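> Quick one: the structure is below, and I'll ask about it shortly.
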Amino acid sequence: MELYEAWKPLLREGTATFSQEFYVKFYQAFVEGDRWQQYLRGVGTTLLATAMALAIGIALGIIIAMIRTAHDQQRPGHHNPILALLNAVCKVYVTVIRGTPMMVQLLIMGFVIFSSSRNYTLVGALTLGINSGAYVSEIIRGGLMALDPGQAEAGRSLGLNYIDTMRFIVIPQAFKAILPSLGNEFIILLKDTSLITVIGGKELVYAAQAIYGRTYEQMFPLLGIALIYLVLVIIFSWLLGILERRLRQSDRR
Amino acid sequence: MIDVKHLSKSFGDHLVLNDISEHIYPGDKVVIIGPSGSGKSTFLRSLNMLEPPTAGTITFDGVEVTSPKTDIDEVRRKMGMVFQHFNLFPNMTILRNITLAPVRTGRMTQAQAEEQAMALLRRVGLEEKASAYPSQLSGGQKQRIAIVRALAMNPKVMLFDEPTSALDPEMVGEVLAVMKELAADGMTMVVVTHEMGFAREVGNRILFMDGGRILEQGSPEAVFGNPQNPRLKDFLSKVL
Ligand SMILES: Nc1ncnc2c1ncn2[C@@H]1O[C@H](COP(=O)(O)OP(=O)(O)OP(=O)(O)O)[C@@H](O)[C@H]1O
Ligand SMILES: [Mg+2]
């Protein structure tokens with residue numbers, strides 16, 4: 001505090017040493033006015049938006065994957081028109097979402113569809129979730145298709161019904177197979193939440209921008225949030241690794 | 001016991017089963033032989049509707065299996081099936097592989113199912129594997145477990161689709177031994193196999209399939225000793 005007050009004028013005079021300059025800028029970026037709390041709130045919002053987006057993404061992904069697999073698994077000749085319609089809707093959704101940039105989707109959601117909403121973070125998380133759903137549905141579909149059909153056949157041949165076969169045999173195995181991809185999706189989402197700044201979401205990037213908007217010093221806030229993202233990603237990758245190892249141990253495949 | 005009438009099945013415009021009518025009696029040990037692609041698996045799998053037929057009817061114990069109104073799960077509980085590739089559930093212990101169906105279908109409590117599973121495991125000499133996972137077993141052990149798993153539902157008939165074809169030669173014997181024991185106990189069995197020794201020894205009826213039809217059938221003595229159909233003669237000359 002005293003050092004900051006003492007060295008700050010040196011910077012303006014241009015006589016500060018490198019370490020003095022470093023100290024002052026660091027202080028401005030993180031300490032002055034308790035700015036670290038702004039980053040902390042940013043981290044909170046980032047994590048919240050990621051969690052919401054993931055929840056929406058997985059829920060949507062499961063629904064779409066179920067519709068599309070149910071449609072694909074129909075016996076030839078037995079065509080259910082409702083299922084065909086739902087399947088077509090899902091296909092259009094996946095094509096549109098995967099065929100347009102995330103940033104454009106955010107701008108459309110924030111400034112066109114929900115232009116009157118003030119809850120920017122929520123709109124951002126919703127957009128991310130809708131976006132993620134398209135990818136998650138493909139991950140789930142891949143997991144279901146990769147599973148040996150003999151597994152479900154064995155379940156059904158024992159007289160287990162469709163639900164029990166899915167619940168005890170298909171889903172646990174498919175889940176384990178897709179867990180690494182889901183973890184990857186989570187990490188992509190975590191980083192993509194930074195985009196919701198463009199529609200006013202108050203997450204980490206927003207915090208950095210707010211701070212350098214006042215100090216006119218971009219380097220420390222930006223390097224700071226880069227480091228925060230990196231640490232978050234490393235922590236979550238490590239946790240996912242533990243989860244995967246646990247699951248693998250449970251059946252020593 | 002199982003009555004098959006005018007059963008046909010096509011995949012697209014490929015006719016795989018061509019108007020098959022056949023009856024399987026209680027206690028029968030029917031062995032189905034024939035060249036690859038002749039429709040043996042498809043026939044066996046249509047008996048429990050894993051392959052729904054395109055035409056014809058199948059009746060099991062007075063219940064029309066092929067009728068859309070039939071609860072197919074209920075039918076399958078009385079028909080055990082053993083697959084070429086075992087299809088054990090890798091995410092469960094051996095004990096749970098065996099007890100899952102009896103418990104989930106409400107046949108038994110967990111305790112009853114476990115007691116029965118251990119008795120069955122003892123019969124095939126694998127009781128010490130109860131808490132192992134399928135990946136820790138050899139092929140022959142897996143197939144014996146798969147047989148036990150099917151038996152745990154107390155089926156009235158057992159369907160086997162090439163149960164020894166995926167096994168190393170030294171493991172074929174242990175699986176056939178279990179099947180022979182089962183046959184000696186009076187189980188009704190329908191077996192698709194290339195094990196001609198087993199067919200001769202255990203089968204009371206041999207069906208020869210080719211091109212989606214049963215071209216010849218009879219006792220092992222008649223089919224192997226005095227084959228009539230030229231396709232059967234040709235087939236036997238290759239496999240014997
Ligand atoms: N799901 C399927 N879709 C399309 N064609 C199939 C399918 N299953 C089997 N077939 C075809 O039906 C024919 C009969 O197959 P099936 O498996 O019943 O023969 P198989 O007698 O059991 O032969 P193998 O001794 O090789 O097991 C084959 O030509 C096969 O290609
Ligand atoms: Mg076959």
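Residues in the structure tokens are numbered from 1 in each chain, the chains being A, B, ... in the order shown, and ligands are numbered from 1 in the order shown.
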For chain A, work out the contacting residues on chain B at 9 Å, counting only C-alpha atoms, and write them as a CSV table (one decimal) with N, CA, C and O atoms, in the first residue's frame.


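Saved the output as selection_16.csv:
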```csv
chain,number,residue,atom,x,y,z
B,11,PHE,N,-34.2,-59.7,-45.4
B,11,PHE,CA,-33.5,-58.4,-45.1
B,11,PHE,C,-33.5,-57.6,-46.4
B,11,PHE,O,-32.8,-58.0,-47.4
B,12,GLY,N,-34.3,-56.6,-46.5
B,12,GLY,CA,-34.5,-55.9,-47.7
B,12,GLY,C,-35.1,-56.8,-48.7
B,12,GLY,O,-36.1,-57.4,-48.4
B,48,ASN,N,-37.1,-66.5,-30.8
B,48,ASN,CA,-37.4,-65.7,-29.7
B,48,ASN,C,-37.5,-64.2,-30.1
B,48,ASN,O,-37.4,-63.3,-29.3
B,49,MET,N,-37.8,-64.0,-31.4
B,49,MET,CA,-38.1,-62.7,-32.0
B,49,MET,C,-37.0,-61.7,-31.9
B,49,MET,O,-37.2,-60.5,-31.9
B,50,LEU,N,-35.7,-62.2,-31.7
B,50,LEU,CA,-34.6,-61.2,-31.9
B,50,LEU,C,-34.6,-60.8,-33.3
B,50,LEU,O,-34.1,-59.7,-33.6
B,52,PRO,N,-37.5,-60.4,-35.9
B,52,PRO,CA,-38.9,-60.6,-36.2
B,52,PRO,C,-39.1,-61.1,-37.6
B,52,PRO,O,-38.5,-60.5,-38.6
B,72,ILE,N,-43.6,-60.1,-25.4
B,72,ILE,CA,-42.5,-60.9,-25.9
B,72,ILE,C,-41.5,-61.1,-24.7
B,72,ILE,O,-40.8,-62.2,-24.7
B,73,ASP,N,-41.4,-60.2,-23.8
B,73,ASP,CA,-40.5,-60.4,-22.7
B,73,ASP,C,-40.8,-61.6,-21.9
B,73,ASP,O,-40.0,-62.4,-21.4
B,74,GLU,N,-42.1,-61.8,-21.7
B,74,GLU,CA,-42.6,-63.0,-20.9
B,74,GLU,C,-42.2,-64.3,-21.7
B,74,GLU,O,-41.8,-65.2,-21.0
B,75,VAL,N,-42.3,-64.3,-23.0
B,75,VAL,CA,-41.9,-65.4,-23.8
B,75,VAL,C,-40.4,-65.7,-23.6
B,75,VAL,O,-40.0,-66.8,-23.4
B,76,ARG,N,-39.7,-64.6,-23.7
B,76,ARG,CA,-38.2,-64.8,-23.7
B,76,ARG,C,-37.7,-65.3,-22.4
B,76,ARG,O,-36.7,-65.9,-22.3
B,77,ARG,N,-38.5,-65.0,-21.3
B,77,ARG,CA,-38.1,-65.5,-20.0
B,77,ARG,C,-38.1,-67.0,-20.0
B,77,ARG,O,-37.4,-67.6,-19.1
B,78,LYS,N,-38.8,-67.7,-20.9
B,78,LYS,CA,-38.9,-69.1,-20.9
B,78,LYS,C,-38.0,-69.8,-21.9
B,78,LYS,O,-38.0,-71.0,-22.1
B,79,MET,N,-37.3,-68.9,-22.7
B,79,MET,CA,-36.4,-69.4,-23.7
B,79,MET,C,-35.0,-68.8,-23.5
B,79,MET,O,-34.7,-67.7,-23.6
B,80,GLY,N,-34.1,-69.7,-23.0
B,80,GLY,CA,-32.7,-69.3,-22.8
B,80,GLY,C,-32.0,-69.2,-24.1
B,80,GLY,O,-32.3,-69.9,-25.1
B,81,MET,N,-31.1,-68.2,-24.2
B,81,MET,CA,-30.3,-68.1,-25.5
B,81,MET,C,-28.8,-67.9,-25.1
B,81,MET,O,-28.4,-67.2,-24.3
B,82,VAL,N,-28.0,-68.7,-25.9
B,82,VAL,CA,-26.5,-68.6,-25.7
B,82,VAL,C,-25.9,-68.2,-27.0
B,82,VAL,O,-26.2,-68.8,-28.1
B,83,PHE,N,-25.1,-67.1,-27.0
B,83,PHE,CA,-24.6,-66.6,-28.2
B,83,PHE,C,-23.1,-67.0,-28.5
B,83,PHE,O,-22.4,-67.4,-27.6
B,85,HIS,N,-20.6,-65.1,-29.2
B,85,HIS,CA,-19.7,-64.3,-28.5
B,85,HIS,C,-20.0,-64.0,-27.1
B,85,HIS,O,-19.7,-62.9,-26.6
B,86,PHE,N,-20.7,-64.9,-26.5
B,86,PHE,CA,-21.0,-65.0,-25.0
B,86,PHE,C,-21.9,-63.8,-24.6
B,86,PHE,O,-22.9,-64.0,-23.9
B,87,ASN,N,-21.5,-62.6,-25.0
B,87,ASN,CA,-22.3,-61.4,-24.6
B,87,ASN,C,-22.6,-61.3,-23.1
B,87,ASN,O,-23.7,-60.9,-22.7
B,88,LEU,N,-21.6,-61.6,-22.3
B,88,LEU,CA,-21.7,-61.3,-20.9
B,88,LEU,C,-21.6,-59.8,-20.7
B,88,LEU,O,-21.1,-59.1,-21.6
B,89,PHE,N,-22.2,-59.3,-19.6
B,89,PHE,CA,-22.2,-57.9,-19.4
B,89,PHE,C,-20.9,-57.5,-18.7
B,89,PHE,O,-20.7,-57.9,-17.5
B,90,PRO,N,-20.0,-56.8,-19.4
B,90,PRO,CA,-18.7,-56.5,-18.8
B,90,PRO,C,-18.7,-55.6,-17.6
B,90,PRO,O,-17.7,-55.5,-16.8
B,91,ASN,N,-19.8,-54.9,-17.4
B,91,ASN,CA,-19.8,-53.9,-16.3
B,91,ASN,C,-20.4,-54.5,-15.0
B,91,ASN,O,-20.7,-53.8,-14.1
B,92,MET,N,-20.5,-55.8,-15.0
B,92,MET,CA,-21.1,-56.5,-13.8
B,92,MET,C,-20.2,-57.7,-13.4
B,92,MET,O,-19.6,-58.3,-14.3
B,93,THR,N,-20.3,-58.1,-12.1
B,93,THR,CA,-19.6,-59.3,-11.7
B,93,THR,C,-20.4,-60.5,-12.3
B,93,THR,O,-21.5,-60.3,-12.8
B,100,LEU,N,-29.2,-60.8,-12.4
B,100,LEU,CA,-29.9,-59.6,-12.8
B,100,LEU,C,-31.3,-59.9,-13.3
B,100,LEU,O,-32.3,-59.3,-12.9
B,101,ALA,N,-31.3,-60.8,-14.3
B,101,ALA,CA,-32.6,-61.1,-14.9
B,101,ALA,C,-33.7,-61.7,-14.0
B,101,ALA,O,-34.8,-61.2,-13.9
B,102,PRO,N,-33.3,-62.8,-13.2
B,102,PRO,CA,-34.3,-63.3,-12.3
B,102,PRO,C,-34.8,-62.3,-11.3
B,102,PRO,O,-36.0,-62.3,-11.0
B,104,ARG,N,-34.7,-58.8,-11.6
B,104,ARG,CA,-35.4,-57.7,-12.2
B,104,ARG,C,-36.8,-58.1,-12.8
B,104,ARG,O,-37.7,-57.3,-12.9
B,105,THR,N,-36.9,-59.3,-13.2
B,105,THR,CA,-38.2,-59.8,-13.8
B,105,THR,C,-39.1,-60.2,-12.6
B,105,THR,O,-40.2,-60.7,-12.9
B,133,TYR,N,-15.0,-60.4,-12.8
B,133,TYR,CA,-15.6,-59.7,-13.9
B,133,TYR,C,-15.3,-60.5,-15.2
B,133,TYR,O,-14.3,-61.2,-15.2
B,134,PRO,N,-16.2,-60.4,-16.2
B,134,PRO,CA,-16.1,-61.2,-17.4
B,134,PRO,C,-14.7,-61.1,-18.0
B,134,PRO,O,-14.1,-62.1,-18.5
B,135,SER,N,-14.1,-59.9,-17.9
B,135,SER,CA,-12.8,-59.8,-18.6
B,135,SER,C,-11.7,-60.6,-17.9
B,135,SER,O,-10.6,-60.8,-18.5
B,136,GLN,N,-12.0,-61.1,-16.7
B,136,GLN,CA,-10.9,-61.9,-16.1
B,136,GLN,C,-11.1,-63.4,-16.4
B,136,GLN,O,-10.4,-64.2,-15.8
B,149,ARG,N,-26.1,-68.2,-16.9
B,149,ARG,CA,-27.0,-67.0,-16.9
B,149,ARG,C,-28.3,-67.3,-17.5
B,149,ARG,O,-29.4,-66.9,-17.0
B,150,ALA,N,-28.3,-68.0,-18.6
B,150,ALA,CA,-29.6,-68.3,-19.3
B,150,ALA,C,-30.4,-69.3,-18.4
B,150,ALA,O,-31.6,-69.2,-18.3
B,153,MET,N,-32.9,-68.4,-15.4
B,153,MET,CA,-34.3,-68.0,-15.6
B,153,MET,C,-35.2,-69.3,-15.7
B,153,MET,O,-36.4,-69.2,-15.9
```

> Residues within 12 Å of Val103 (chain B), please, as a list of chain:residue names. Count only C-alpha atoms; anything in the same chain fewer than 3 positions from it doesn't count.

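Using only C-alpha atoms, the neighbours found are A:Leu158, A:Gly159, A:Leu160, A:Asp164, B:Arg77, B:Leu95, B:Arg96, B:Asn97, B:Ile98, B:Thr99, B:Leu100, B:Gly106, B:Arg107, B:Met108, B:Thr109, B:Gln110, B:Ala111, B:Gln112, B:Ala113, B:Glu114, B:Gln116, B:Ala117, B:Ala152, B:Met153.
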
> Output N, CA and C atoms for every residue in the selection just made, as a short mmCIF file (atom, residue, chain, number, x, y, z; two decimals), in the first residue's frame.


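Wrote again-v7.cif, looks like this:
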```
data_model
loop_
_atom_site.label_atom_id
_atom_site.label_comp_id
_atom_site.auth_asym_id
_atom_site.auth_seq_id
_atom_site.Cartn_x
_atom_site.Cartn_y
_atom_site.Cartn_z
N LEU A 158 -32.87 -62.46 -22.22
CA LEU A 158 -33.11 -62.95 -20.86
C LEU A 158 -34.50 -62.56 -20.37
N GLY A 159 -35.21 -61.78 -21.16
CA GLY A 159 -36.55 -61.37 -20.77
C GLY A 159 -36.59 -60.02 -20.07
N LEU A 160 -35.44 -59.33 -20.02
CA LEU A 160 -35.46 -57.98 -19.46
C LEU A 160 -36.18 -57.07 -20.45
N ASP A 164 -35.15 -51.72 -18.64
CA ASP A 164 -34.13 -52.34 -17.79
C ASP A 164 -32.85 -52.62 -18.57
N ARG B 77 -38.48 -65.04 -21.32
CA ARG B 77 -38.06 -65.53 -20.00
C ARG B 77 -38.07 -67.05 -19.96
N LEU B 95 -21.64 -62.93 -10.70
CA LEU B 95 -22.84 -63.17 -9.91
C LEU B 95 -23.98 -62.26 -10.36
N ARG B 96 -23.67 -61.00 -10.61
CA ARG B 96 -24.71 -60.07 -11.02
C ARG B 96 -25.18 -60.35 -12.45
N ASN B 97 -24.26 -60.77 -13.31
CA ASN B 97 -24.65 -61.21 -14.64
C ASN B 97 -25.76 -62.26 -14.54
N ILE B 98 -25.59 -63.17 -13.57
CA ILE B 98 -26.52 -64.30 -13.47
C ILE B 98 -27.81 -63.90 -12.75
N THR B 99 -27.70 -63.02 -11.75
CA THR B 99 -28.88 -62.74 -10.93
C THR B 99 -29.73 -61.58 -11.48
N LEU B 100 -29.16 -60.78 -12.37
CA LEU B 100 -29.87 -59.57 -12.82
C LEU B 100 -31.27 -59.89 -13.33
N GLY B 106 -38.70 -60.11 -11.40
CA GLY B 106 -39.57 -60.45 -10.29
C GLY B 106 -39.73 -61.94 -10.04
N ARG B 107 -38.83 -62.74 -10.62
CA ARG B 107 -38.91 -64.18 -10.39
C ARG B 107 -38.48 -64.56 -8.99
N MET B 108 -37.44 -63.88 -8.51
CA MET B 108 -36.81 -64.26 -7.25
C MET B 108 -36.37 -63.01 -6.49
N THR B 109 -36.13 -63.20 -5.18
CA THR B 109 -35.48 -62.14 -4.43
C THR B 109 -33.99 -62.22 -4.73
N GLN B 110 -33.25 -61.19 -4.35
CA GLN B 110 -31.81 -61.20 -4.58
C GLN B 110 -31.18 -62.41 -3.89
N ALA B 111 -31.62 -62.68 -2.67
CA ALA B 111 -31.02 -63.80 -1.92
C ALA B 111 -31.28 -65.13 -2.61
N GLN B 112 -32.52 -65.33 -3.05
CA GLN B 112 -32.85 -66.58 -3.75
C GLN B 112 -32.03 -66.71 -5.03
N ALA B 113 -31.95 -65.59 -5.76
CA ALA B 113 -31.24 -65.62 -7.04
C ALA B 113 -29.76 -65.94 -6.82
N GLU B 114 -29.20 -65.37 -5.74
CA GLU B 114 -27.78 -65.63 -5.48
C GLU B 114 -27.54 -67.07 -5.08
N GLN B 116 -29.35 -69.62 -5.96
CA GLN B 116 -29.46 -70.42 -7.18
C GLN B 116 -28.23 -70.26 -8.07
N ALA B 117 -27.75 -69.01 -8.17
CA ALA B 117 -26.58 -68.75 -9.02
C ALA B 117 -25.37 -69.54 -8.51
N ALA B 152 -30.47 -69.58 -15.32
CA ALA B 152 -30.97 -68.97 -14.09
C ALA B 152 -32.42 -68.53 -14.21
N MET B 153 -32.91 -68.38 -15.44
CA MET B 153 -34.32 -68.02 -15.63
C MET B 153 -35.21 -69.26 -15.68
#
```

> Neighbouring residues of ligand 2 are defined here as those with any atom at most 8 Å from a ligand atom, counting only C-alpha atoms and all ligand atoms; list them as a VMD selection string.

chain B and resid 36 to 37 39 to 42 161 to 162 192

> Could you find all residues in region 17-181 of chain B that DSSP calls alpha helix (DSSP H) from the backbone, and write them as a PyMOL selection string?

chain B and resi 40-47+72-76+94-104+110-123+139-151+169-181

> Given the choices B:Lys156, B:Lys142, B:Lys9, B:Lys29, which gets closest to ligand 1 if the distance is worked out from only C-alpha atoms and all ligand atoms?

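The shortest atom-to-atom distance to ligand 1 comes from B:Lys9.
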
> Just the number, please: distance in Å from CA of Val231 (chain A) to CA of Val43 (chain A), one decimal.

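Straight-line distance from CA of Val231 (chain A) to CA of Val43 (chain A) works out to 11.3 Å.
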
> Would you return as number ranges by chain the members of region 195-227 of chain B that DSSP assigns to strand (DSSP E) on this structure's backbone?

B: 205-210, 213-218

> Need the shell around region 27-39 of chain A: protein/DNA/RNA residues with any atom at most 8 Å away, counting only C-alpha atoms. Skip same-chain ones fewer than 6 positions apart. Format as an MDAnalysis selection string?

chainID A and resid 4 204 207:208 211:212 215 217 220:221 225

> Could you turn the residues from that selection into a file that holds all heavy atoms, as a PDB file, in the first residue's frame?


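File written: out22.pdb
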```
ATOM      1  N   TYR A   4       3.006   1.219  -3.044  1.00  0.00           N
ATOM      2  CA  TYR A   4       2.215   1.569  -4.217  1.00  0.00           C
ATOM      3  C   TYR A   4       2.089   3.085  -4.330  1.00  0.00           C
ATOM      4  O   TYR A   4       2.338   3.665  -5.398  1.00  0.00           O
ATOM      5  CB  TYR A   4       0.840   0.912  -4.122  1.00  0.00           C
ATOM      6  CG  TYR A   4      -0.132   1.353  -5.189  1.00  0.00           C
ATOM      7  CD1 TYR A   4       0.133   1.087  -6.541  1.00  0.00           C
ATOM      8  CD2 TYR A   4      -1.306   2.031  -4.867  1.00  0.00           C
ATOM      9  CE1 TYR A   4      -0.748   1.488  -7.518  1.00  0.00           C
ATOM     10  CE2 TYR A   4      -2.197   2.440  -5.831  1.00  0.00           C
ATOM     11  CZ  TYR A   4      -1.915   2.169  -7.153  1.00  0.00           C
ATOM     12  OH  TYR A   4      -2.779   2.566  -8.130  1.00  0.00           O
ATOM     13  N   LEU A 204     -15.557 -13.794 -16.320  1.00  0.00           N
ATOM     14  CA  LEU A 204     -14.152 -13.417 -16.116  1.00  0.00           C
ATOM     15  C   LEU A 204     -13.648 -12.363 -17.089  1.00  0.00           C
ATOM     16  O   LEU A 204     -12.986 -11.408 -16.688  1.00  0.00           O
ATOM     17  CB  LEU A 204     -13.274 -14.670 -16.243  1.00  0.00           C
ATOM     18  CG  LEU A 204     -12.778 -15.292 -14.945  1.00  0.00           C
ATOM     19  CD1 LEU A 204     -11.979 -16.549 -15.258  1.00  0.00           C
ATOM     20  CD2 LEU A 204     -11.908 -14.309 -14.171  1.00  0.00           C
ATOM     21  N   ALA A 207     -14.846  -9.046 -16.183  1.00  0.00           N
ATOM     22  CA  ALA A 207     -14.124  -8.478 -15.035  1.00  0.00           C
ATOM     23  C   ALA A 207     -12.817  -7.829 -15.491  1.00  0.00           C
ATOM     24  O   ALA A 207     -12.503  -6.687 -15.124  1.00  0.00           O
ATOM     25  CB  ALA A 207     -13.843  -9.578 -14.002  1.00  0.00           C
ATOM     26  N   ALA A 208     -12.086  -8.550 -16.344  1.00  0.00           N
ATOM     27  CA  ALA A 208     -10.816  -8.004 -16.829  1.00  0.00           C
ATOM     28  C   ALA A 208     -11.046  -6.722 -17.616  1.00  0.00           C
ATOM     29  O   ALA A 208     -10.332  -5.722 -17.432  1.00  0.00           O
ATOM     30  CB  ALA A 208     -10.115  -9.051 -17.694  1.00  0.00           C
ATOM     31  N   ILE A 211     -11.813  -3.796 -15.451  1.00  0.00           N
ATOM     32  CA  ILE A 211     -10.642  -3.283 -14.722  1.00  0.00           C
ATOM     33  C   ILE A 211      -9.720  -2.504 -15.647  1.00  0.00           C
ATOM     34  O   ILE A 211      -9.323  -1.370 -15.343  1.00  0.00           O
ATOM     35  CB  ILE A 211      -9.914  -4.443 -14.013  1.00  0.00           C
ATOM     36  CG1 ILE A 211     -10.787  -4.911 -12.837  1.00  0.00           C
ATOM     37  CG2 ILE A 211      -8.539  -4.005 -13.523  1.00  0.00           C
ATOM     38  CD1 ILE A 211     -10.441  -6.260 -12.299  1.00  0.00           C
ATOM     39  N   TYR A 212      -9.381  -3.049 -16.815  1.00  0.00           N
ATOM     40  CA  TYR A 212      -8.464  -2.266 -17.660  1.00  0.00           C
ATOM     41  C   TYR A 212      -9.167  -1.081 -18.304  1.00  0.00           C
ATOM     42  O   TYR A 212      -8.515  -0.166 -18.796  1.00  0.00           O
ATOM     43  CB  TYR A 212      -7.665  -3.135 -18.644  1.00  0.00           C
ATOM     44  CG  TYR A 212      -8.371  -3.846 -19.780  1.00  0.00           C
ATOM     45  CD1 TYR A 212      -9.008  -3.137 -20.787  1.00  0.00           C
ATOM     46  CD2 TYR A 212      -8.320  -5.240 -19.871  1.00  0.00           C
ATOM     47  CE1 TYR A 212      -9.614  -3.814 -21.842  1.00  0.00           C
ATOM     48  CE2 TYR A 212      -8.915  -5.908 -20.915  1.00  0.00           C
ATOM     49  CZ  TYR A 212      -9.570  -5.201 -21.909  1.00  0.00           C
ATOM     50  OH  TYR A 212     -10.164  -5.860 -22.932  1.00  0.00           O
ATOM     51  N   THR A 215      -7.993   1.302 -15.555  1.00  0.00           N
ATOM     52  CA  THR A 215      -6.552   1.528 -15.338  1.00  0.00           C
ATOM     53  C   THR A 215      -5.807   1.781 -16.642  1.00  0.00           C
ATOM     54  O   THR A 215      -4.655   2.200 -16.608  1.00  0.00           O
ATOM     55  CB  THR A 215      -5.904   0.303 -14.665  1.00  0.00           C
ATOM     56  OG1 THR A 215      -6.026  -0.810 -15.565  1.00  0.00           O
ATOM     57  CG2 THR A 215      -6.582  -0.051 -13.359  1.00  0.00           C
ATOM     58  N   GLU A 217      -4.525  -0.322 -18.474  1.00  0.00           N
ATOM     59  CA  GLU A 217      -3.359  -1.214 -18.456  1.00  0.00           C
ATOM     60  C   GLU A 217      -3.899  -2.639 -18.687  1.00  0.00           C
ATOM     61  O   GLU A 217      -4.455  -3.256 -17.784  1.00  0.00           O
ATOM     62  CB  GLU A 217      -2.665  -1.072 -17.089  1.00  0.00           C
ATOM     63  CG  GLU A 217      -1.539  -2.042 -16.853  1.00  0.00           C
ATOM     64  CD  GLU A 217      -0.576  -2.114 -18.018  1.00  0.00           C
ATOM     65  OE1 GLU A 217      -0.013  -1.072 -18.411  1.00  0.00           O
ATOM     66  OE2 GLU A 217      -0.399  -3.217 -18.574  1.00  0.00           O
ATOM     67  N   PHE A 220      -1.819  -6.991 -17.355  1.00  0.00           N
ATOM     68  CA  PHE A 220      -1.998  -7.797 -16.150  1.00  0.00           C
ATOM     69  C   PHE A 220      -3.385  -8.409 -16.020  1.00  0.00           C
ATOM     70  O   PHE A 220      -3.491  -9.607 -15.735  1.00  0.00           O
ATOM     71  CB  PHE A 220      -1.595  -6.985 -14.908  1.00  0.00           C
ATOM     72  CG  PHE A 220      -0.121  -6.931 -14.724  1.00  0.00           C
ATOM     73  CD1 PHE A 220       0.634  -5.926 -15.317  1.00  0.00           C
ATOM     74  CD2 PHE A 220       0.515  -7.926 -13.993  1.00  0.00           C
ATOM     75  CE1 PHE A 220       2.001  -5.909 -15.160  1.00  0.00           C
ATOM     76  CE2 PHE A 220       1.896  -7.896 -13.832  1.00  0.00           C
ATOM     77  CZ  PHE A 220       2.650  -6.888 -14.426  1.00  0.00           C
ATOM     78  N   PRO A 221      -4.451  -7.643 -16.246  1.00  0.00           N
ATOM     79  CA  PRO A 221      -5.765  -8.284 -16.156  1.00  0.00           C
ATOM     80  C   PRO A 221      -5.928  -9.436 -17.157  1.00  0.00           C
ATOM     81  O   PRO A 221      -6.438 -10.505 -16.802  1.00  0.00           O
ATOM     82  CB  PRO A 221      -6.738  -7.145 -16.486  1.00  0.00           C
ATOM     83  CG  PRO A 221      -5.997  -5.905 -16.133  1.00  0.00           C
ATOM     84  CD  PRO A 221      -4.561  -6.185 -16.430  1.00  0.00           C
ATOM     85  N   ILE A 225      -6.460 -13.372 -16.167  1.00  0.00           N
ATOM     86  CA  ILE A 225      -7.591 -14.279 -16.414  1.00  0.00           C
ATOM     87  C   ILE A 225      -7.148 -15.489 -17.239  1.00  0.00           C
ATOM     88  O   ILE A 225      -7.676 -16.584 -17.068  1.00  0.00           O
ATOM     89  CB  ILE A 225      -8.805 -13.570 -17.074  1.00  0.00           C
ATOM     90  CG1 ILE A 225      -8.446 -13.004 -18.435  1.00  0.00           C
ATOM     91  CG2 ILE A 225      -9.385 -12.505 -16.149  1.00  0.00           C
ATOM     92  CD1 ILE A 225      -9.681 -12.595 -19.226  1.00  0.00           C
TER      93      ILE A 225
END
```

> As an exercise, work out the distance from CA of Glu138 (chain A) to CA of Lys191 (chain A) in Å and give it to one decimal place.

20.3 Å
